[in-house]
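Next comes target.cif, with mmCIF, C-alpha atoms and all ligand atoms.
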data_target
loop_
_atom_site.group_PDB
_atom_site.id
_atom_site.type_symbol
_atom_site.label_atom_id
_atom_site.label_comp_id
_atom_site.auth_asym_id
_atom_site.auth_seq_id
_atom_site.Cartn_x
_atom_site.Cartn_y
_atom_site.Cartn_z
ATOM 1 C CA MET A 1 -30.754 -2.428 -27.047
ATOM 2 C CA GLU A 2 -30.740 1.257 -27.888
ATOM 3 C CA PRO A 3 -27.340 3.000 -27.983
ATOM 4 C CA PHE A 4 -28.364 5.153 -25.034
ATOM 5 C CA ASP A 5 -29.193 2.065 -22.974
ATOM 6 C CA ARG A 6 -25.854 0.488 -23.805
ATOM 7 C CA GLN A 7 -24.029 3.634 -22.703
ATOM 8 C CA PHE A 8 -26.018 3.668 -19.489
ATOM 9 C CA VAL A 9 -25.207 0.005 -18.755
ATOM 10 C CA GLU A 10 -21.520 0.601 -19.515
ATOM 11 C CA SER A 11 -21.522 3.567 -17.129
ATOM 12 C CA ILE A 12 -23.111 1.487 -14.391
ATOM 13 C CA ASN A 13 -20.532 -1.266 -14.956
ATOM 14 C CA LEU A 14 -17.739 1.291 -14.698
ATOM 15 C CA LEU A 15 -19.190 2.644 -11.468
ATOM 16 C CA ARG A 16 -19.371 -0.898 -10.081
ATOM 17 C CA LEU A 17 -15.737 -1.469 -11.043
ATOM 18 C CA PHE A 18 -14.621 1.747 -9.330
ATOM 19 C CA ALA A 19 -16.667 0.906 -6.243
ATOM 20 C CA SER A 20 -14.993 -2.516 -5.980
ATOM 21 C CA ILE A 21 -11.482 -1.050 -5.947
ATOM 22 C CA LYS A 22 -10.353 -0.267 -2.435
ATOM 23 C CA ILE A 23 -7.847 2.552 -2.536
ATOM 24 C CA MET A 24 -5.199 2.424 0.176
ATOM 25 C CA ASN A 25 -6.196 4.592 3.058
ATOM 26 C CA LEU A 26 -4.043 6.217 5.708
ATOM 27 C CA ASP A 27 -4.291 3.241 8.050
ATOM 28 C CA ASP A 28 -3.375 0.571 5.500
ATOM 29 C CA PRO A 29 0.158 -0.698 5.988
ATOM 30 C CA VAL A 30 2.810 0.651 3.656
ATOM 31 C CA CYS A 31 5.421 -1.674 5.128
ATOM 32 C CA LEU A 32 3.733 -5.038 5.135
ATOM 33 C CA CYS A 33 6.563 -6.686 7.081
ATOM 34 C CA PHE A 34 6.356 -4.378 10.074
ATOM 35 C CA HIS A 35 2.777 -3.113 9.623
ATOM 36 C CA VAL A 36 3.777 0.537 9.390
ATOM 37 C CA SER A 37 0.811 2.548 8.166
ATOM 38 C CA ARG A 38 0.889 5.324 5.628
ATOM 39 C CA ARG A 39 -0.352 7.653 8.390
ATOM 40 C CA LYS A 40 2.667 6.729 10.551
ATOM 41 C CA VAL A 41 5.097 7.286 7.669
ATOM 42 C CA MET A 42 3.531 10.618 6.692
ATOM 43 C CA SER A 43 3.618 11.757 10.303
ATOM 44 C CA PHE A 44 7.262 10.690 10.602
ATOM 45 C CA ILE A 45 8.123 12.627 7.437
ATOM 46 C CA ARG A 46 6.313 15.731 8.671
ATOM 47 C CA VAL A 47 7.915 15.675 12.142
ATOM 48 C CA GLU A 48 11.399 14.279 11.492
ATOM 49 C CA LYS A 49 11.923 15.800 8.028
ATOM 50 C CA PRO A 50 14.131 12.991 6.663
ATOM 51 C CA THR A 51 16.265 13.887 3.657
ATOM 52 C CA ARG A 52 16.819 10.339 2.380
ATOM 53 C CA GLY A 53 14.433 7.423 1.978
ATOM 54 C CA SER A 54 16.705 5.185 4.027
ATOM 55 C CA GLN A 55 15.993 7.381 7.046
ATOM 56 C CA LEU A 56 12.415 6.123 6.983
ATOM 57 C CA SER A 57 13.725 2.902 8.523
ATOM 58 C CA GLU A 58 13.695 4.863 11.777
ATOM 59 C CA CYS A 59 9.919 4.812 11.517
ATOM 60 C CA GLN A 60 9.219 1.473 13.203
ATOM 61 C CA GLY A 61 11.683 -0.337 10.927
ATOM 62 C CA ALA A 62 9.835 0.490 7.700
ATOM 63 C CA GLY A 63 11.668 -0.931 4.711
ATOM 64 C CA THR A 64 14.123 -3.076 6.675
ATOM 65 C CA GLY A 65 12.404 -6.415 6.024
ATOM 66 C CA CYS A 66 11.910 -7.882 2.561
ATOM 67 C CA GLY A 67 12.442 -4.522 0.838
ATOM 68 C CA TRP A 68 9.160 -4.454 -1.109
ATOM 69 C CA CYS A 69 7.974 -1.145 0.322
ATOM 70 C CA ARG A 70 11.154 0.856 -0.268
ATOM 71 C CA ASP A 71 9.959 2.280 -3.595
ATOM 72 C CA LEU A 72 6.695 3.420 -2.060
ATOM 73 C CA LEU A 73 8.508 4.888 0.948
ATOM 74 C CA GLU A 74 10.746 6.862 -1.439
ATOM 75 C CA ARG A 75 7.682 7.994 -3.369
ATOM 76 C CA LEU A 76 5.927 9.151 -0.199
ATOM 77 C CA LEU A 77 9.020 11.137 0.749
ATOM 78 C CA GLU A 78 9.228 12.675 -2.730
ATOM 79 C CA GLU A 79 5.531 13.488 -2.785
ATOM 80 C CA SER A 80 5.824 15.202 0.567
ATOM 81 C CA ARG A 81 8.311 17.585 -1.039
ATOM 82 C CA GLU A 82 6.153 18.329 -4.057
ATOM 83 C CA SER A 83 3.592 21.055 -3.927
ATOM 84 C CA SER A 84 1.371 19.167 -6.331
ATOM 85 C CA ALA A 85 -1.803 17.819 -4.836
ATOM 86 C CA GLU A 86 -1.679 15.003 -7.389
ATOM 87 C CA MET A 87 -0.140 12.161 -5.439
ATOM 88 C CA GLN A 88 0.385 8.923 -7.312
ATOM 89 C CA SER A 89 0.534 6.835 -4.154
ATOM 90 C CA GLU A 90 -2.962 7.906 -3.175
ATOM 91 C CA ARG A 91 -4.392 5.947 -6.080
ATOM 92 C CA LEU A 92 -2.948 2.584 -5.065
ATOM 93 C CA SER A 93 -5.343 -0.124 -4.029
ATOM 94 C CA ALA A 94 -4.420 -2.009 -0.873
ATOM 95 C CA GLU A 95 -5.081 -5.329 -2.605
ATOM 96 C CA ASP A 96 -2.924 -4.491 -5.639
ATOM 97 C CA TYR A 97 -0.130 -3.330 -3.361
ATOM 98 C CA ALA A 98 -0.226 -6.559 -1.321
ATOM 99 C CA ALA A 99 -0.443 -8.658 -4.499
ATOM 100 C CA GLY A 100 2.565 -6.791 -5.899
ATOM 101 C CA ARG A 101 4.533 -7.661 -2.797
ATOM 102 C CA ALA A 102 3.590 -11.342 -3.128
ATOM 103 C CA ARG A 103 4.894 -11.307 -6.730
ATOM 104 C CA TYR A 104 8.015 -9.431 -5.612
ATOM 105 C CA LEU A 105 8.751 -12.023 -2.910
ATOM 106 C CA GLU A 106 8.196 -14.863 -5.358
ATOM 107 C CA GLU A 107 10.346 -13.296 -8.102
ATOM 108 C CA THR A 108 13.203 -12.201 -5.862
ATOM 109 C CA GLY A 109 13.124 -15.108 -3.434
ATOM 110 C CA ARG A 110 13.238 -12.612 -0.592
ATOM 111 C CA GLN A 111 11.367 -13.323 2.595
ATOM 112 C CA PRO A 112 9.837 -11.163 5.281
ATOM 113 C CA PRO A 113 11.960 -11.218 8.420
ATOM 114 C CA PRO A 114 11.272 -14.000 10.906
ATOM 115 C CA GLY A 115 8.471 -13.237 13.304
ATOM 116 C CA VAL A 116 6.436 -10.909 11.095
ATOM 117 C CA THR A 117 2.839 -11.766 10.270
ATOM 118 C CA PRO A 118 2.618 -13.644 6.974
ATOM 119 C CA MET A 119 0.432 -11.844 4.422
ATOM 120 C CA GLU A 120 -1.949 -14.822 4.178
ATOM 121 C CA ASP A 121 -2.883 -14.134 7.780
ATOM 122 C CA LEU A 122 -3.490 -10.459 7.038
ATOM 123 C CA THR A 123 -5.776 -11.124 4.075
ATOM 124 C CA ASP A 124 -7.616 -14.178 5.432
ATOM 125 C CA PRO A 125 -10.782 -13.020 7.242
ATOM 126 C CA ALA A 126 -10.857 -16.349 9.057
ATOM 127 C CA ALA A 127 -7.566 -15.370 10.730
ATOM 128 C CA ASP A 128 -9.404 -12.636 12.678
ATOM 129 C CA ARG A 129 -11.782 -15.109 14.279
ATOM 130 C CA THR A 130 -10.960 -16.393 17.717
ATOM 131 C CA ASP A 131 -13.298 -19.421 17.700
HETATM 132 S S1 LIG B 201 7.080 -4.675 3.072
HETATM 133 FE FE1 LIG B 201 8.390 -3.272 4.054
HETATM 134 S S2 LIG B 201 10.222 -4.357 4.324
HETATM 135 FE FE2 LIG B 201 8.815 -5.853 3.570
#
Written as structure tokens, that's how I'd like the structure from this file.
Ligand code: FES
Amino acid sequence: MEPFDRQFVESINLLRLFASIKIMNLDDPVCLCFHVSRRKVMSFIRVEKPTRGSQLSECQGAGTGCGWCRDLLERLLEESRESSAEMQSERLSAEDYAAGRARYLEETGRQPPPGVTPMEDLTDPAADRTD
């Protein structure tokens, strides 16, 4: 294989890798316990102008379950204050975020509050079927 061809194939493989990564969008849940979307949190921050991350719990209970999302909630609040357009949280993949929470729950022994939808049900496409 010519060097040019190898570079081309590597570029295509990189493009495939990037295409397979689903970056969190505004409607993906930030708080996986209470299914509070990033859009809801950003809207809450814009309207209510909280000064502390703990105040984000007033947004549909975000952060009051297992605690996994508190760092991201704090980051969203901090990023809303920064003028920089470079927002770290916008590069998270929904799958990596959910996998991180699963590891967090396993490592800390914490549990989502009773009554919330278990993550297996959120990620299992069969759970959406009604047959
Ligand atoms: S993911 Fe938000 S409290 Fe559990």
Task: Matched chain/residue IDs from the PyMOL selection byres (((chain A and resi 110-117) around 6) and not hetatm), as a ChimeraX atom specification - done: /A:33,65-66,105,108-109,118
Apply the PyMOL selection byres (((chain A and resi 50) around 12) and not hetatm) to the file shown and report the selected residues as a PDB file with C-alpha atoms, in the coordinates of the input.
ATOM      1  CA  VAL A  41       5.097   7.286   7.669  1.00  0.00           C
ATOM      2  CA  MET A  42       3.531  10.618   6.692  1.00  0.00           C
ATOM      3  CA  SER A  43       3.618  11.757  10.303  1.00  0.00           C
ATOM      4  CA  PHE A  44       7.262  10.690  10.602  1.00  0.00           C
ATOM      5  CA  ILE A  45       8.123  12.627   7.437  1.00  0.00           C
ATOM      6  CA  ARG A  46       6.313  15.731   8.671  1.00  0.00           C
ATOM      7  CA  VAL A  47       7.915  15.675  12.142  1.00  0.00           C
ATOM      8  CA  GLU A  48      11.399  14.279  11.492  1.00  0.00           C
ATOM      9  CA  LYS A  49      11.923  15.800   8.028  1.00  0.00           C
ATOM     10  CA  THR A  51      16.265  13.887   3.657  1.00  0.00           C
ATOM     11  CA  ARG A  52      16.819  10.339   2.380  1.00  0.00           C
ATOM     12  CA  GLY A  53      14.433   7.423   1.978  1.00  0.00           C
ATOM     13  CA  SER A  54      16.705   5.185   4.027  1.00  0.00           C
ATOM     14  CA  GLN A  55      15.993   7.381   7.046  1.00  0.00           C
ATOM     15  CA  LEU A  56      12.415   6.123   6.983  1.00  0.00           C
ATOM     16  CA  SER A  57      13.725   2.902   8.523  1.00  0.00           C
ATOM     17  CA  GLU A  58      13.695   4.863  11.777  1.00  0.00           C
ATOM     18  CA  CYS A  59       9.919   4.812  11.517  1.00  0.00           C
ATOM     19  CA  LEU A  73       8.508   4.888   0.948  1.00  0.00           C
ATOM     20  CA  GLU A  74      10.746   6.862  -1.439  1.00  0.00           C
ATOM     21  CA  LEU A  76       5.927   9.151  -0.199  1.00  0.00           C
ATOM     22  CA  LEU A  77       9.020  11.137   0.749  1.00  0.00           C
ATOM     23  CA  GLU A  78       9.228  12.675  -2.730  1.00  0.00           C
ATOM     24  CA  SER A  80       5.824  15.202   0.567  1.00  0.00           C
ATOM     25  CA  ARG A  81       8.311  17.585  -1.039  1.00  0.00           C
TER      26      ARG A  81
END
Rows by chain and residue number, chain A within 7 Å of ligand LIG 201 (chain B), shortest pair, all atoms listed in the file, as a tab-separated table:
residue	atom	partner	partner_atom	distance
A:Val30	CA	B:LIG201	FE1	6.8
A:Cys31	CA	B:LIG201	FE1	3.5
A:Leu32	CA	B:LIG201	S1	3.9
A:Cys33	CA	B:LIG201	FE2	4.3
A:Phe34	CA	B:LIG201	FE1	6.4
A:Ala62	CA	B:LIG201	FE1	5.4
A:Gly63	CA	B:LIG201	S2	3.7
A:Thr64	CA	B:LIG201	S2	4.7
A:Gly65	CA	B:LIG201	S2	3.4
A:Cys66	CA	B:LIG201	FE2	3.8
A:Gly67	CA	B:LIG201	S2	4.1
A:Trp68	CA	B:LIG201	S1	4.7
A:Cys69	CA	B:LIG201	FE1	4.3
A:Arg70	CA	B:LIG201	FE1	6.6
A:Pro112	CA	B:LIG201	FE2	5.7
Can you spit out the residues from that selection as a PDB file, in the coordinates of the input, using C-alpha atoms?
ATOM      1  CA  VAL A  30       2.810   0.651   3.656  1.00  0.00           C
ATOM      2  CA  CYS A  31       5.421  -1.674   5.128  1.00  0.00           C
ATOM      3  CA  LEU A  32       3.733  -5.038   5.135  1.00  0.00           C
ATOM      4  CA  CYS A  33       6.563  -6.686   7.081  1.00  0.00           C
ATOM      5  CA  PHE A  34       6.356  -4.378  10.074  1.00  0.00           C
ATOM      6  CA  ALA A  62       9.835   0.490   7.700  1.00  0.00           C
ATOM      7  CA  GLY A  63      11.668  -0.931   4.711  1.00  0.00           C
ATOM      8  CA  THR A  64      14.123  -3.076   6.675  1.00  0.00           C
ATOM      9  CA  GLY A  65      12.404  -6.415   6.024  1.00  0.00           C
ATOM     10  CA  CYS A  66      11.910  -7.882   2.561  1.00  0.00           C
ATOM     11  CA  GLY A  67      12.442  -4.522   0.838  1.00  0.00           C
ATOM     12  CA  TRP A  68       9.160  -4.454  -1.109  1.00  0.00           C
ATOM     13  CA  CYS A  69       7.974  -1.145   0.322  1.00  0.00           C
ATOM     14  CA  ARG A  70      11.154   0.856  -0.268  1.00  0.00           C
ATOM     15  CA  PRO A 112       9.837 -11.163   5.281  1.00  0.00           C
TER      16      PRO A 112
END
Could you give me the centre and size, in Å to one decimal, of an axis-aligned box around all listed atoms of segment 42-56 of chain A with 6 Å added on every side, as lines of an AutoDock Vina configuration file?
center_x = 10.2
center_y = 10.5
center_z = 7.1
size_x = 25.3
size_y = 22.6
size_z = 22.2
| said: I'd like the residues picked by the PyMOL selection byres (((chain A and resi 24) around 6) and not hetatm) written out as number ranges by chain, using the chain letters and numbers from the file. | reply: A: 23, 25, 28, 92-94
Just-selected residues, C-alpha atoms written as a PDB file, in the frame of the given file:
ATOM      1  CA  ILE A  23      -7.847   2.552  -2.536  1.00  0.00           C
ATOM      2  CA  ASN A  25      -6.196   4.592   3.058  1.00  0.00           C
ATOM      3  CA  ASP A  28      -3.375   0.571   5.500  1.00  0.00           C
ATOM      4  CA  LEU A  92      -2.948   2.584  -5.065  1.00  0.00           C
ATOM      5  CA  SER A  93      -5.343  -0.124  -4.029  1.00  0.00           C
ATOM      6  CA  ALA A  94      -4.420  -2.009  -0.873  1.00  0.00           C
TER       7      ALA A  94
END
Atom pair atom CA of Glu106 of chain A + atom CA of Asp27 of chain A, distance 25.8 Å
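For the pair atom CA of Asp96 of chain A and atom CA of Glu82 of chain A, the interatomic distance is 24.6 Å.
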(message) Please compute the atom CA of Ala98 of chain A-atom CA of Val36 of chain A distance, one decimal, in Å.
(response)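 According to the coordinates, atom CA of Ala98 of chain A and atom CA of Val36 of chain A are separated by 13.5 Å.
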